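Student: Mind looking over this structure? Questions follow.
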Amino acid sequence: YDPVKLLKLHEDLKKESMDDRWVWERDWTRDLYYINNRQWMVYHPTRREWVDKRTAKWIPRPVTNKMAEIVQALRSTFSAINLSVIARPVSHDSQSIAAAEVTTELAPLIFEEHLMPQVMREADFWLISTGNVVLQVSWDMDQRHNRVFIQNEQCVTCGTVSDPQTIAASNQTCPTCGGSQFIPAVDPMTQQPIGAYVAFGKGKTTALSTFEWAVPSNITRFDELPYICRLRWRDKHWFEANRPDLLHKIVWEKTPSDRSLQLFKSLANSNESGGSLRMNYLGSAGSGSIEGVTEYEWWVKPTPEYPEGLVFRVIGDKGPLILDVPNEGLPGPFPYKDIEGNPIFPFMHAQYEHIGGRLYGRSAIAPLIQKQDQLNQLDSLIQLIIQRMANPVWVVAEGSGVEGFQGEPGWVLKWNPLAVQGQGEPKRLAGQEVPATLYQLRAQLLKDIEDLSGTFDILKGQKPTGVEAFSALQLLVERSQSRFTSVFQSRGELVRKWFSVAIELERQFGPQQRTMAVTKQNRGYTFKHFQNAQLQGQVNFIIEDGSNMPKTALGKRASIEQANNLGLLNPADPDQRY
């Protein structure tokens with residue numbers, strides 16, 4: 001791989017994938033700032049960034065953050081979904097049937113190893129907030145994971161102790177005497193087995209925000225992408241620990257030159273109190289004090305020039321360098337292959353709301369921004385009316401001798417009627433109430449936000465007033481969930497594609513045997529053993545029917561109450577009560 005040629009390819013792909021990207025970054029950052037309580041802001045067209053809105057000092061700027069409430073309600077709804085995977089054999093041969101059965105039972109272990117509950121919580125946030133999320137699957141070769149003890153063997157003829165790899169390299173014979181009979185090697189002093197631990201590593205999945213990957217803007221379907229760029233910010237400490245030989249070659253920076261990474265880094269510096277760390281405007285990554293460099297990781301799908309794909313990393317924007325990682329095979333072809341030997345593209349994408357003709361989906365709160373602004377402005381008006389008009393005032397004739405107003409109980413007001421010819425007695429005027437129409441308008445705005453987002457009271461676990469029947473509650477639950485059918489299917493397809501890649505990595509890099517503890521009905525435990533050789537059949541995957549519809553706590557409670565009212569439950573049975 002010619003470094004000059006790769007750098008030229010890097011510049012061409014970077015220019016193509018970053019073209020007009022600021023149009024999308026504007027919406028993504030706006031939605032995130034609204035969630036983080038930064039809502040009184042306006043977009044600066046020249047600087048291409050969000051800045052605080054300039055208002056008079058006496059205008060209050062309250063925030064009724066419905067955006068954060070909606071995000072939390074949707075994340076809770078998605079977390080209630082049990083996305084279980086079922087494997088089906090592709091053909092009728094026994095190998096595929098056995099592989100499908102083992103894969104279905106092995107799925108919970110794969111989910112646990114990839115930390116999918118935590119990964120999906122993060123993925124759901126980006127999916128709801130920005131409308132898009134990408135999962136990247138990889139195999140982490142950390143020496144701490146999936147360690148297996150491999151015992152050495154001792155030659156019966158000469159007593160030489162050798163590891164299995166050495167014996168295999170000698171055509172299954174002793175490298176010293178050529179003998180073919182072996183016994184397990186044991187330490188004669190301690191009688192402990194002699195050998196070494198071998199680490200197979202583990203599967204790893206990362207949820208990527210829209211700021212951490214870039215693709216050509218003209219592509220409308222993710223499976224048609226010719227390439228994808230994975231963006232990272234590497235600080236100087238990483239190179240000191242992993243690549244000290246590059247320290248003198250890299251042009252260090254205090255902040256990323258790439259706008260996407262600037263915005264992503266600024267999220268760590270922003271807070272909800274209206275201020276930020278080391279930044280004077282929204283979207284600034286700040287100067288900082290930790291030096292680092294931007295890393296571009298390119299995954300180019302197979303082409304006639306690169307029939308097995310191409311993966312390479314470039315570090316730095318000023319004087320870029322090709323990062324050679326020999327233990328990861330970079331630069332080089334795709335490191336992962338399926339059972340048929342085809343390169344695997346380990347990225348999968350999901351949209352919250354699909355918009356025809358473009359790749360990027362729309363977020364859950366994008367249609368609500370105008371209503372949120374109207375609500376904040378109305379709250380500001382109500383607060384201003386209360387501050388200026390709701391307090392009672394005194395009307396005192398000029399020259400009546402009244403002075404020194406106090407608010408203490410029992411205060412005596414003295415005035416001189418002769419000074420004003422007996423006219424203009426001081427009198428108290430009650431404050432003006434806020435017009436009831438403003439509260440009606442506010443209630444209508446809240447209802448509009450609920451209708452646009454689909455997060456009704458029933459979805460938040462609140463039983464509407466006057467609704468008691470289970471059938472009515474179930475109807476409201478179905479009404480709430482019907483708005484999210486497309487995103488449920490999108491998440492299910494995301495997990496299906498993820499698992500199809502994760503199981504291929506398990507076939508290629510996983511240990512020969514896995515063990516999983518399973519809880520039995522009597523709370524005891526049993527252990528299941530899985531052999532990697534059993535996964536070699538061809539299978540496909542589906543998401544279990546009904547698993548993409550959540551079961552709310554309110555729906556469960558209502559169904560139990562209805563069953564109890566129909567006499568289907570026996571309260572005297574301790575198991576049923578539990």
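Just so we're on the same page: first chain in the structure tokens is A, next is B, and so on; residues restart at 1 for each chain, and ligands are numbered from 1 in the order they show up.
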Let's see if you can do this: from backbone DSSP, list all strand (DSSP E or B) residues in segment 185-258 of chain A, as a PyMOL selection string.
Tutor: chain A and resi 186+193+195-199+202-208+213-214+227-235+253
Student: Taking into account only C-alpha atoms, which residue in the set A:Leu323, A:Leu438, A:Ala430, A:Leu381 is nearest to Arg243 of chain A?
Tutor: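 For Arg243 of chain A, the nearest of the given residues is A:Leu323.
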Student: Could you please write out, as a list in words, every residue of segment 229-276 of chain A that DSSP assigns to alpha helix (DSSP H)?
Tutor: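 Residues meeting the alpha helix (DSSP H) criterion: Lys236, His237, Trp238, Phe239, Glu240, Ala241, Asn242, Arg259, Ser260, Leu261, Gln262, Leu263, Phe264, Lys265, Ser266 and Leu267 of chain A.
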Student: For those residues, write C-alpha atoms to a file as a compact mmCIF listing (two decimals), in the first residue's frame.
Tutor:
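Output contents, as saved in result_37.txt:
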```
# COMPACT_ATOMS: atom_id res chain seq x y z
CA LYS A 236 -1.29 12.76 23.04
CA HIS A 237 -1.41 10.29 25.94
CA TRP A 238 -2.70 7.54 23.62
CA PHE A 239 0.30 7.90 21.32
CA GLU A 240 2.69 8.00 24.29
CA ALA A 241 1.29 4.67 25.46
CA ASN A 242 0.82 2.96 22.08
CA ARG A 259 -16.16 20.67 12.40
CA SER A 260 -18.00 17.47 13.33
CA LEU A 261 -15.47 16.58 16.01
CA GLN A 262 -15.52 20.18 17.25
CA LEU A 263 -19.26 19.91 17.81
CA PHE A 264 -18.96 16.47 19.38
CA LYS A 265 -16.22 17.64 21.71
CA SER A 266 -18.22 20.74 22.69
CA LEU A 267 -21.00 18.52 24.07
```
Student: Taking only C-alpha atoms into account, which of A:Leu535, A:Val251, A:Val102, A:Ala56 comes nearest Pro320 of chain A?
Tutor: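 The shortest atom-to-atom distance to Pro320 of chain A comes from A:Val251.
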Student: In Å, how far is it from atom CA of Thr64 of chain A to atom CA of Arg362 of chain A?
Tutor: 22.5 Å
